[in-house]
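The next block is input.tsv, given as TSV, C-alpha atoms and all ligand atoms.
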```tsv
chain	number	residue	atom	x	y	z
A	21	MET	CA	32.83	8.64	-12.82
A	22	LYS	CA	34.02	5.08	-12.58
A	23	ILE	CA	32.18	2.63	-10.38
A	24	HIS	CA	32.73	-0.95	-9.38
A	25	LEU	CA	29.60	-3.00	-8.96
A	26	LYS	CA	29.16	-6.25	-7.09
A	27	ILE	CA	25.75	-7.51	-8.14
A	28	TRP	CA	23.89	-10.54	-6.85
A	29	ARG	CA	23.17	-12.92	-9.74
A	30	GLN	CA	20.93	-15.93	-9.22
A	31	PRO	CA	19.12	-17.81	-12.03
A	32	ASN	CA	16.12	-18.78	-9.85
A	33	SER	CA	15.13	-19.67	-6.31
A	34	GLU	CA	16.35	-23.26	-6.70
A	35	MET	CA	19.86	-22.45	-7.77
A	36	PRO	CA	22.62	-20.81	-5.71
A	37	GLY	CA	23.54	-17.21	-6.40
A	38	LYS	CA	26.74	-15.21	-6.18
A	39	LEU	CA	28.09	-11.69	-6.38
A	40	VAL	CA	29.45	-10.81	-9.82
A	41	ASN	CA	31.82	-7.92	-10.50
A	42	TYR	CA	31.13	-5.29	-13.15
A	43	THR	CA	32.93	-2.02	-13.76
A	44	LEU	CA	31.25	0.95	-15.44
A	45	ASP	CA	33.14	3.95	-16.71
A	46	GLY	CA	31.85	7.37	-17.75
A	47	ILE	CA	28.79	7.38	-15.52
A	48	ILE	CA	27.60	10.93	-14.96
A	49	PRO	CA	26.36	11.91	-11.47
A	50	GLU	CA	23.01	13.06	-12.87
A	51	VAL	CA	21.82	9.62	-13.92
A	52	SER	CA	19.61	7.72	-11.54
A	53	PHE	CA	20.70	4.47	-9.97
A	54	LEU	CA	18.27	2.50	-12.12
A	55	GLU	CA	19.45	4.28	-15.27
A	56	MET	CA	22.97	3.25	-14.33
A	57	LEU	CA	21.71	-0.35	-14.22
A	58	ASP	CA	20.02	0.21	-17.61
A	59	ILE	CA	23.40	1.27	-18.99
A	60	LEU	CA	25.01	-1.84	-17.55
A	61	ASN	CA	22.24	-4.01	-19.01
A	62	GLU	CA	22.65	-2.48	-22.46
A	63	ASP	CA	26.36	-3.30	-22.32
A	64	LEU	CA	25.61	-6.85	-21.22
A	65	LEU	CA	23.04	-7.30	-23.95
A	66	LYS	CA	25.47	-6.05	-26.60
A	67	LYS	CA	27.92	-8.70	-25.45
A	68	GLY	CA	25.21	-11.35	-25.63
A	69	ASP	CA	25.13	-11.75	-21.84
A	70	GLU	CA	21.96	-11.85	-19.80
A	71	PRO	CA	20.99	-8.48	-18.36
A	72	VAL	CA	20.58	-8.12	-14.61
A	73	ALA	CA	16.92	-8.68	-13.70
A	74	PHE	CA	15.50	-6.05	-11.35
A	75	ASP	CA	12.02	-4.80	-10.51
A	76	ASN	CA	10.89	-1.27	-11.33
A	77	ASP	CA	7.88	0.48	-12.74
A	78	CYS	CA	6.92	4.10	-12.03
A	79	ARG	CA	10.46	5.36	-11.33
A	80	GLU	CA	9.01	8.20	-9.29
A	81	GLY	CA	8.69	6.68	-5.85
A	82	ILE	CA	5.01	5.78	-5.84
A	83	CYS	CA	4.56	2.19	-7.01
A	84	GLY	CA	6.81	0.27	-4.62
A	85	MET	CA	8.26	-2.00	-7.30
A	86	CYS	CA	11.93	-1.05	-7.06
A	87	SER	CA	13.56	-3.03	-4.30
A	88	LEU	CA	17.34	-3.10	-4.11
A	89	TYR	CA	19.64	-3.61	-1.17
A	90	ILE	CA	22.49	-1.19	-1.84
A	91	ASN	CA	25.63	-1.29	0.27
A	92	GLY	CA	23.72	-3.09	3.00
A	93	ARG	CA	20.75	-0.72	3.08
A	94	PRO	CA	17.30	-1.13	1.53
A	95	HIS	CA	16.80	1.59	-1.11
A	96	GLY	CA	20.41	2.72	-0.69
A	97	PRO	CA	22.19	5.41	1.32
A	98	GLU	CA	19.64	8.25	1.22
A	99	GLN	CA	16.88	8.69	3.78
A	100	GLY	CA	13.22	8.73	2.76
A	101	VAL	CA	13.64	7.82	-0.91
A	102	THR	CA	13.14	4.73	-3.03
A	103	VAL	CA	15.87	3.26	-5.24
A	104	CYS	CA	14.31	4.88	-8.29
A	105	GLN	CA	14.73	8.29	-6.64
A	106	LEU	CA	18.40	7.65	-5.90
A	107	HIS	CA	21.00	9.26	-8.16
A	108	MET	CA	24.63	8.51	-8.84
A	109	ARG	CA	25.59	11.83	-7.23
A	110	SER	CA	25.10	10.02	-3.93
A	111	PHE	CA	28.23	8.00	-4.76
A	112	LYS	CA	31.85	8.86	-5.41
A	113	ASP	CA	34.24	8.11	-8.22
A	114	GLU	CA	35.86	4.67	-7.82
A	115	ASP	CA	33.20	3.58	-5.29
A	116	THR	CA	32.43	-0.10	-4.91
A	117	ILE	CA	28.68	-0.66	-4.75
A	118	TYR	CA	27.06	-3.86	-3.54
A	119	VAL	CA	23.62	-4.53	-5.02
A	120	GLU	CA	21.54	-7.35	-3.56
A	121	PRO	CA	17.88	-8.40	-3.49
A	122	TRP	CA	15.65	-8.16	-0.38
A	123	ARG	CA	16.64	-10.94	1.97
A	124	ALA	CA	13.74	-12.62	3.77
A	125	LYS	CA	12.41	-16.16	3.88
A	126	SER	CA	8.97	-14.96	2.84
A	127	PHE	CA	10.40	-13.12	-0.18
A	128	PRO	CA	12.05	-15.87	-2.27
A	129	VAL	CA	14.41	-14.70	-5.00
A	130	LEU	CA	12.83	-15.15	-8.45
A	131	LYS	CA	15.88	-14.07	-10.39
A	132	ASP	CA	18.93	-11.89	-9.67
A	133	LEU	CA	17.52	-8.87	-7.82
A	134	ILE	CA	13.82	-9.73	-8.17
A	135	VAL	CA	12.03	-11.26	-5.22
A	136	ASP	CA	8.50	-12.61	-4.99
A	137	ARG	CA	6.49	-10.27	-2.75
A	138	ALA	CA	3.17	-12.04	-3.24
A	139	ALA	CA	3.10	-12.65	0.53
A	140	PHE	CA	2.21	-8.96	0.90
A	141	ASP	CA	-0.65	-9.36	-1.56
A	142	ARG	CA	-1.99	-12.30	0.41
A	143	ILE	CA	-1.90	-10.26	3.61
A	144	ILE	CA	-3.90	-7.53	1.88
A	145	GLN	CA	-6.30	-10.12	0.47
A	146	ALA	CA	-6.82	-11.44	4.00
A	147	GLY	CA	-8.33	-8.17	5.23
A	148	GLY	CA	-6.70	-5.00	3.94
A	149	TYR	CA	-9.87	-3.71	2.33
A	150	ILE	CA	-13.33	-2.32	3.01
A	151	SER	CA	-16.08	-4.60	1.74
A	152	VAL	CA	-19.08	-2.60	2.90
A	153	ASN	CA	-20.56	-0.27	0.32
A	154	THR	CA	-19.14	3.15	1.08
A	155	GLY	CA	-20.98	4.82	-1.79
A	156	SER	CA	-19.38	7.29	-4.15
A	157	ALA	CA	-16.90	9.92	-2.98
A	158	PRO	CA	-18.72	12.06	-0.41
A	159	ASP	CA	-18.53	15.84	-0.30
A	160	ALA	CA	-15.40	16.98	1.47
A	161	ASN	CA	-17.26	18.14	4.57
A	162	ALA	CA	-19.94	15.45	4.72
A	163	ILE	CA	-18.00	13.19	7.11
A	164	PRO	CA	-16.08	15.36	9.57
A	165	ILE	CA	-12.70	13.89	10.51
A	166	PRO	CA	-10.44	15.73	12.94
A	167	ARG	CA	-7.35	17.04	11.25
A	168	GLU	CA	-4.98	15.15	13.55
A	169	VAL	CA	-6.74	11.87	12.73
A	170	ALA	CA	-6.74	12.56	9.00
A	171	LYS	CA	-3.04	13.40	9.15
A	172	GLU	CA	-2.24	10.19	11.00
A	173	ALA	CA	-4.31	8.08	8.58
A	174	PHE	CA	-2.66	9.74	5.63
A	175	GLU	CA	0.78	9.11	7.04
A	176	ALA	CA	-0.03	5.39	7.19
A	177	ALA	CA	-1.58	5.43	3.72
A	178	ASP	CA	1.77	6.65	2.40
A	179	CYS	CA	3.04	3.06	2.44
A	180	ILE	CA	3.83	1.86	-1.09
A	181	GLY	CA	4.21	-1.82	-0.15
A	182	CYS	CA	7.84	-2.06	-1.22
A	183	GLY	CA	8.94	-4.42	1.52
A	184	ALA	CA	12.02	-2.47	2.61
A	185	CYS	CA	10.78	-2.74	6.21
A	186	VAL	CA	10.96	-6.54	6.01
A	187	ALA	CA	14.34	-6.42	4.30
A	188	ALA	CA	15.77	-4.06	6.93
A	189	CYS	CA	14.46	-6.00	9.92
A	190	LYS	CA	16.75	-8.54	11.58
A	191	ASN	CA	13.61	-10.63	12.25
A	192	ALA	CA	12.24	-10.13	8.72
A	193	SER	CA	9.08	-8.82	10.35
A	194	ALA	CA	6.28	-7.34	8.28
A	195	MET	CA	4.81	-5.45	11.23
A	196	LEU	CA	5.34	-1.95	9.82
A	197	PHE	CA	3.67	-2.85	6.52
A	198	VAL	CA	0.68	-4.49	8.23
A	199	ALA	CA	0.51	-1.66	10.76
A	200	THR	CA	0.14	0.96	8.04
A	201	LYS	CA	-2.92	-0.80	6.64
A	202	ILE	CA	-4.48	-1.40	10.06
A	203	SER	CA	-3.78	2.15	11.20
A	204	HIS	CA	-5.05	3.74	8.00
A	205	LEU	CA	-8.36	1.88	8.01
A	206	ALA	CA	-8.93	1.80	11.79
A	207	LEU	CA	-8.61	5.58	11.99
A	208	LEU	CA	-11.21	6.37	9.35
A	209	PRO	CA	-14.99	5.94	9.62
A	210	GLN	CA	-15.24	3.73	6.51
A	211	GLY	CA	-12.94	1.17	8.11
A	212	GLN	CA	-14.96	0.69	11.30
A	213	VAL	CA	-17.27	-2.11	10.20
A	214	GLU	CA	-14.48	-4.64	9.69
A	215	ARG	CA	-12.09	-3.12	12.19
A	216	GLN	CA	-11.94	-6.15	14.47
A	217	SER	CA	-11.96	-8.98	11.92
A	218	ARG	CA	-9.48	-7.13	9.72
A	219	VAL	CA	-6.70	-7.02	12.29
A	220	GLU	CA	-7.27	-10.63	13.29
A	221	LYS	CA	-7.17	-11.89	9.71
A	222	MET	CA	-4.23	-9.80	8.57
A	223	VAL	CA	-2.07	-10.73	11.56
A	224	ALA	CA	-2.97	-14.41	11.12
A	225	GLN	CA	-1.94	-14.23	7.45
A	226	MET	CA	1.25	-12.38	8.33
A	227	ASP	CA	2.20	-15.19	10.74
A	228	LYS	CA	1.25	-17.84	8.21
A	229	GLU	CA	3.57	-16.30	5.61
A	230	GLY	CA	6.49	-16.81	7.97
A	231	PHE	CA	7.37	-13.18	8.73
A	232	GLY	CA	9.21	-12.71	12.03
A	233	ALA	CA	8.00	-11.01	15.17
A	234	CYS	CA	8.66	-7.38	16.10
A	235	THR	CA	11.29	-6.53	18.72
A	236	ASN	CA	10.92	-2.75	18.41
A	237	THR	CA	14.33	-2.30	16.80
A	238	GLY	CA	13.05	0.44	14.50
A	239	ALA	CA	15.17	-0.45	11.46
A	240	CYS	CA	11.96	-0.70	9.39
A	241	SER	CA	10.93	2.85	10.09
A	242	TYR	CA	14.47	4.15	9.59
A	243	GLU	CA	14.80	2.51	6.18
A	244	CYS	CA	11.21	3.00	5.03
A	245	PRO	CA	11.25	5.24	1.91
A	246	LYS	CA	8.13	6.94	3.25
A	247	SER	CA	9.62	7.30	6.77
A	248	ILE	CA	6.53	5.79	8.39
A	249	PRO	CA	6.95	6.06	12.18
A	250	LEU	CA	6.83	3.18	14.66
A	251	ASN	CA	3.74	4.46	16.49
A	252	HIS	CA	1.67	2.71	13.80
A	253	ILE	CA	3.04	-0.60	15.09
A	254	ALA	CA	1.89	0.45	18.58
A	255	ARG	CA	-1.58	1.04	17.14
A	256	LEU	CA	-1.50	-2.36	15.41
A	257	ASN	CA	-0.68	-4.02	18.73
A	258	ARG	CA	-3.47	-2.19	20.50
A	259	GLU	CA	-5.98	-2.97	17.76
A	260	TYR	CA	-4.96	-6.61	17.86
A	261	LEU	CA	-5.21	-6.85	21.65
A	262	SER	CA	-8.61	-5.21	21.85
A	263	ALA	CA	-9.89	-7.32	18.95
A	264	LYS	CA	-8.72	-10.48	20.64
A	265	LEU	CA	-10.31	-9.51	23.98
A	266	THR	CA	-13.73	-9.27	22.40
A	267	SER	CA	-13.25	-11.72	19.54
A	268	ASN	CA	-15.94	-14.16	18.50
A	269	SER	CA	-13.29	-16.54	17.24
A	270	LEU	CA	-11.60	-17.00	20.63
B	37	MET	CA	3.81	8.23	-34.88
B	38	TRP	CA	4.23	11.62	-33.26
B	39	ASN	CA	5.02	13.41	-36.49
B	40	ASP	CA	2.85	11.60	-38.99
B	41	CYS	CA	0.04	10.05	-36.98
B	42	GLY	CA	-0.44	12.72	-34.36
B	43	MET	CA	-3.54	14.76	-33.72
B	44	SER	CA	-3.21	16.43	-37.10
B	45	ARG	CA	-2.50	13.99	-39.91
B	46	ASN	CA	-2.80	13.72	-43.69
B	47	LYS	CA	-2.83	10.98	-46.29
B	48	GLU	CA	0.71	11.57	-47.48
B	49	GLY	CA	2.18	11.58	-43.98
B	50	LEU	CA	0.25	8.49	-42.98
B	51	LYS	CA	1.49	6.59	-46.04
B	52	LYS	CA	5.03	7.62	-45.15
B	53	ALA	CA	4.50	6.42	-41.58
B	54	LYS	CA	3.22	3.10	-42.84
B	55	ASP	CA	6.38	2.47	-44.85
B	56	LYS	CA	8.62	3.60	-42.00
B	57	ILE	CA	6.99	1.29	-39.46
B	58	LYS	CA	7.13	-1.61	-41.90
B	59	ALA	CA	10.87	-1.03	-42.32
B	60	LEU	CA	11.32	-0.77	-38.55
B	61	GLU	CA	9.42	-3.98	-38.05
B	62	GLU	CA	11.56	-5.84	-40.57
B	63	GLU	CA	14.67	-4.57	-38.87
B	64	PHE	CA	13.29	-5.56	-35.48
B	65	TRP	CA	12.70	-9.18	-36.47
B	66	LYS	CA	16.01	-9.40	-38.34
B	67	ASN	CA	18.33	-7.75	-35.82
B	68	LEU	CA	16.67	-8.55	-32.51
B	69	ARG	CA	19.22	-9.57	-29.92
B	70	MET	CA	17.57	-12.09	-27.63
B	71	VAL	CA	19.13	-13.77	-24.63
B	72	GLY	CA	17.81	-16.43	-22.27
B	73	THR	CA	14.94	-18.79	-22.89
B	74	ASN	CA	11.17	-18.66	-22.57
B	75	ASP	CA	11.01	-21.18	-19.71
B	76	GLU	CA	12.28	-18.69	-17.14
B	77	LEU	CA	11.68	-15.17	-15.94
B	78	ASN	CA	13.07	-13.30	-18.94
B	79	GLN	CA	12.77	-9.50	-18.90
B	80	THR	CA	14.49	-9.19	-22.29
B	81	LEU	CA	11.77	-11.34	-23.81
B	82	GLU	CA	9.05	-9.36	-22.01
B	83	LYS	CA	10.40	-6.09	-23.41
B	84	SER	CA	10.79	-7.48	-26.94
B	85	LEU	CA	7.23	-8.76	-26.96
B	86	ARG	CA	6.08	-5.32	-25.92
B	87	VAL	CA	7.99	-3.72	-28.80
B	88	ALA	CA	6.53	-6.29	-31.22
B	89	ASP	CA	3.05	-5.38	-29.96
B	90	PHE	CA	3.73	-1.67	-30.37
B	91	LEU	CA	4.87	-2.24	-33.94
B	92	GLU	CA	1.67	-4.10	-34.81
B	93	MET	CA	-0.50	-1.65	-32.94
B	94	SER	CA	1.03	1.41	-34.59
B	95	GLN	CA	0.51	-0.06	-38.05
B	96	LEU	CA	-3.13	-0.63	-37.27
B	97	MET	CA	-3.50	2.91	-35.94
B	98	VAL	CA	-2.06	4.29	-39.17
B	99	GLU	CA	-4.27	1.99	-41.22
B	100	ASP	CA	-7.35	3.12	-39.33
B	101	ALA	CA	-6.38	6.79	-39.69
B	102	LEU	CA	-5.90	6.29	-43.42
B	103	HIS	CA	-9.27	4.67	-43.93
B	104	ARG	CA	-11.25	7.30	-42.05
B	105	ASN	CA	-11.68	9.98	-44.68
B	106	GLU	CA	-13.07	12.62	-42.37
B	107	SER	CA	-11.97	14.61	-39.33
B	108	CYS	CA	-13.42	13.67	-36.00
B	109	GLY	CA	-12.31	14.34	-32.44
B	110	SER	CA	-8.59	13.85	-32.07
B	111	HIS	CA	-8.41	12.44	-35.60
B	112	PHE	CA	-7.89	15.62	-37.59
B	113	ARG	CA	-7.26	14.79	-41.22
B	114	GLU	CA	-5.89	17.98	-42.74
B	115	GLU	CA	-7.68	17.24	-46.04
B	116	TYR	CA	-11.04	17.35	-44.28
B	117	GLN	CA	-11.61	20.71	-42.63
B	118	THR	CA	-14.13	23.49	-42.91
B	119	GLU	CA	-13.19	26.87	-44.28
B	120	GLU	CA	-12.65	28.03	-40.71
B	121	GLY	CA	-10.23	25.19	-40.03
B	122	GLU	CA	-12.67	23.15	-37.96
B	123	ALA	CA	-12.92	19.35	-38.17
B	124	GLN	CA	-15.13	18.30	-41.09
B	125	ARG	CA	-17.01	15.11	-40.32
B	126	ASP	CA	-18.60	12.84	-42.90
B	127	ASP	CA	-21.52	11.33	-41.01
B	128	ASP	CA	-23.02	9.68	-44.07
B	129	ASN	CA	-20.02	7.44	-44.52
B	130	PHE	CA	-18.23	7.30	-41.18
B	131	ALA	CA	-20.72	7.42	-38.32
B	132	TYR	CA	-19.41	4.14	-36.94
B	133	VAL	CA	-16.80	2.72	-34.59
B	134	ALA	CA	-14.19	0.71	-36.48
B	135	ALA	CA	-13.27	-2.63	-34.93
B	136	TRP	CA	-10.45	-4.38	-36.74
B	137	GLU	CA	-10.16	-8.15	-36.61
B	138	TYR	CA	-6.71	-9.67	-36.65
B	139	GLN	CA	-6.25	-12.20	-39.46
B	140	GLY	CA	-2.69	-13.32	-38.81
B	141	LYS	CA	0.72	-11.94	-39.59
B	142	ASN	CA	0.95	-9.83	-42.77
B	143	LYS	CA	-2.72	-10.30	-43.60
B	144	PRO	CA	-4.96	-7.25	-43.75
B	145	GLU	CA	-7.28	-6.89	-40.78
B	146	VAL	CA	-11.02	-7.17	-41.42
B	147	LEU	CA	-13.10	-4.10	-40.66
B	148	HIS	CA	-16.25	-4.47	-38.56
B	149	LYS	CA	-18.47	-1.42	-38.30
B	150	GLU	CA	-20.46	-0.59	-35.20
B	151	ALA	CA	-22.95	2.07	-36.16
B	152	LEU	CA	-23.22	5.10	-33.90
B	153	LYS	CA	-26.81	5.97	-33.08
B	154	PHE	CA	-27.71	9.29	-31.57
B	155	GLU	CA	-31.19	9.36	-30.12
B	156	ASN	CA	-31.28	12.36	-27.82
B	157	ALA	CA	-28.66	14.70	-29.19
B	158	LYS	CA	-28.42	15.37	-32.91
B	159	LEU	CA	-25.15	15.35	-34.77
B	160	THR	CA	-24.08	18.88	-35.60
B	161	GLN	CA	-20.97	20.71	-36.66
B	162	ARG	CA	-18.98	22.16	-33.79
B	163	ASN	CA	-18.00	25.79	-33.99
B	164	TYR	CA	-16.23	27.75	-31.29
B	165	LYS	CA	-16.93	31.10	-32.86
C	301	LIG	S1	6.05	0.47	5.50
C	301	LIG	FE1	7.59	1.61	4.31
C	301	LIG	S2	9.19	0.10	3.93
C	301	LIG	FE2	7.38	-1.04	4.53
C	301	LIG	S3	6.34	-1.59	2.64
C	301	LIG	FE3	5.44	0.33	3.35
C	301	LIG	S4	6.62	1.92	2.30
C	301	LIG	FE4	7.83	0.04	2.13
C	302	LIG	S1	9.91	2.21	-9.46
C	302	LIG	FE1	8.03	2.78	-8.53
C	302	LIG	S2	8.64	3.29	-6.52
C	302	LIG	FE2	10.53	2.92	-7.50
```

With the file now loaded, output its structure as structure tokens.
Amino acid sequence: MKIHLKIWRQPNSEMPGKLVNYTLDGIIPEVSFLEMLDILNEDLLKKGDEPVAFDNDCREGICGMCSLYINGRPHGPEQGVTVCQLHMRSFKDEDTIYVEPWRAKSFPVLKDLIVDRAAFDRIIQAGGYISVNTGSAPDANAIPIPREVAKEAFEAADCIGCGACVAACKNASAMLFVATKISHLALLPQGQVERQSRVEKMVAQMDKEGFGACTNTGACSYECPKSIPLNHIARLNREYLSAKLTSNSL
Amino acid sequence: MWNDCGMSRNKEGLKKAKDKIKALEEEFWKNLRMVGTNDELNQTLEKSLRVADFLEMSQLMVEDALHRNESCGSHFREEYQTEEGEAQRDDDNFAYVAAWEYQGKNKPEVLHKEALKFENAKLTQRNYK
């Protein structure tokens, strides 16, 4: 199949970027979207041009590195998959495909389609961990956890930190990402010790990084490659409120 | 590496591998197509450096496999096997970990030996039969 690409090219965060046209012929529907970009990059390299810079690593939907805005949607047209799990069979012959980086003030473009997502790391560093000694892995039945709770915690732990939620949100809010961490750890016994300080610190860091507020639009959840539901944001809000009501740092 | 420096290897194959990698390396440095500069985020440079590392690393692996004239663990030198086809170790000469020190491009690495001492279990010949 023949496809027409309009790809965002930008040398670095200081310089302006623009959409550049490329046409690829002979692309088979079985190749993945990232392999299609590899093919383009090989062509560019052969011509002595600079390849398109884009993030990727595992290429199996678990690492959260791939991060492309395709035809106006984070991770492209399919539901519940990352870019690396997207294949060219999702497009038609002669399609025009727009490829852009995540757009958010807190995710500055480093080059072409690569953005700096270190803001997420700093939010995690602020409190997304358990610092009490939890010992080695306990026997499966040693700490009983109701199945519903385990399921809910697991659902939150599915987050791969890709940032599609921020990119999809009109407010560039990181609430869904932060909510997954808060939910995951607040639901499980190991997370109890730091439950209150964690939510305070992570929300404070989220605000400091310049992410927007949540207006319950739901675009994040809709575009999330792990389809993480909005009720985790509700839990984040409740955790935050109850932490603030009893906070020592009031 | 897969064919000549895999789990089962022999002197002849390893020597062949050595020559092949050398030739590949020469071609790499001669025909490398590099774009961009090193003062920016440059994925082409990142990938090339990785290939350069692999080329050096694979040569060292072959060198190490060539020097170890015994079979041990996943280093099965076809020349050194028991009558039953089991790995034949040479503990008198090779009961050590080889640590190779880089001496610069195209200079042979220096071998440092870390002796293996077994206090509780004694070294024996494994046999599955
Ligand atoms: S919540 Fe979903 S969209 Fe957001 S970072 Fe996690 S996996 Fe990505
Ligand atoms: S490359 Fe790892 S999730 Fe896409």

What are the residues of chain A lining chain B at 12 Å or less? Count all atoms listed in the file, and put the answer as a ChimeraX atom specification.
/A:30-33,58,61-62,64-76,129-136

Taking C-alpha atoms for each residue, export the selection above as a PDB file, in the coordinates of the input.
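Result file again-v8.pdb:
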```
ATOM      1  CA  GLN A  30      20.930 -15.930  -9.220  1.00  0.00           C
ATOM      2  CA  PRO A  31      19.120 -17.810 -12.030  1.00  0.00           C
ATOM      3  CA  ASN A  32      16.120 -18.780  -9.850  1.00  0.00           C
ATOM      4  CA  SER A  33      15.130 -19.670  -6.310  1.00  0.00           C
ATOM      5  CA  ASP A  58      20.020   0.210 -17.610  1.00  0.00           C
ATOM      6  CA  ASN A  61      22.240  -4.010 -19.010  1.00  0.00           C
ATOM      7  CA  GLU A  62      22.650  -2.480 -22.460  1.00  0.00           C
ATOM      8  CA  LEU A  64      25.610  -6.850 -21.220  1.00  0.00           C
ATOM      9  CA  LEU A  65      23.040  -7.300 -23.950  1.00  0.00           C
ATOM     10  CA  LYS A  66      25.470  -6.050 -26.600  1.00  0.00           C
ATOM     11  CA  LYS A  67      27.920  -8.700 -25.450  1.00  0.00           C
ATOM     12  CA  GLY A  68      25.210 -11.350 -25.630  1.00  0.00           C
ATOM     13  CA  ASP A  69      25.130 -11.750 -21.840  1.00  0.00           C
ATOM     14  CA  GLU A  70      21.960 -11.850 -19.800  1.00  0.00           C
ATOM     15  CA  PRO A  71      20.990  -8.480 -18.360  1.00  0.00           C
ATOM     16  CA  VAL A  72      20.580  -8.120 -14.610  1.00  0.00           C
ATOM     17  CA  ALA A  73      16.920  -8.680 -13.700  1.00  0.00           C
ATOM     18  CA  PHE A  74      15.500  -6.050 -11.350  1.00  0.00           C
ATOM     19  CA  ASP A  75      12.020  -4.800 -10.510  1.00  0.00           C
ATOM     20  CA  ASN A  76      10.890  -1.270 -11.330  1.00  0.00           C
ATOM     21  CA  VAL A 129      14.410 -14.700  -5.000  1.00  0.00           C
ATOM     22  CA  LEU A 130      12.830 -15.150  -8.450  1.00  0.00           C
ATOM     23  CA  LYS A 131      15.880 -14.070 -10.390  1.00  0.00           C
ATOM     24  CA  ASP A 132      18.930 -11.890  -9.670  1.00  0.00           C
ATOM     25  CA  LEU A 133      17.520  -8.870  -7.820  1.00  0.00           C
ATOM     26  CA  ILE A 134      13.820  -9.730  -8.170  1.00  0.00           C
ATOM     27  CA  VAL A 135      12.030 -11.260  -5.220  1.00  0.00           C
ATOM     28  CA  ASP A 136       8.500 -12.610  -4.990  1.00  0.00           C
TER      29      ASP A 136
END
```

Neighbours of stretch 149-161 of chain B within 9 Å (only C-alpha atoms; same-chain residues fewer than 2 positions away dropped), as a list in words?
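My list of contacting residues is Glu122, Ala123, Gln124, Arg125, Asp127, Phe130, Ala131, Tyr132, Val133, Ala134, Ala135, Trp136, Leu147 and Asn163 of chain B.
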
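Nearest to ligand LIG 301 (chain C) of all the residues A:Lys171, A:Lys38, A:Arg123, A:Lys246 is A:Lys246, counting only C-alpha atoms and all ligand atoms.
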
Rounded to one decimal, what separation in Å do you get between atom CA of B:Tyr164 and atom CA of B:Arg113?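 Separation of atom CA of B:Tyr164 and atom CA of B:Arg113: 18.6 Å.
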
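In this structure, atom CA of A:Ala187 sits 19.4 Å away from atom CA of A:Pro36.
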
For stretch 92-94 of chain B: contacts at 12 Å, only C-alpha atoms, fewer than 3 positions along chain excluded, given as a ChimeraX atom specification
/B:37-38,40-42,50,53-58,60-62,64,85-89,97-101,136,138,140-145
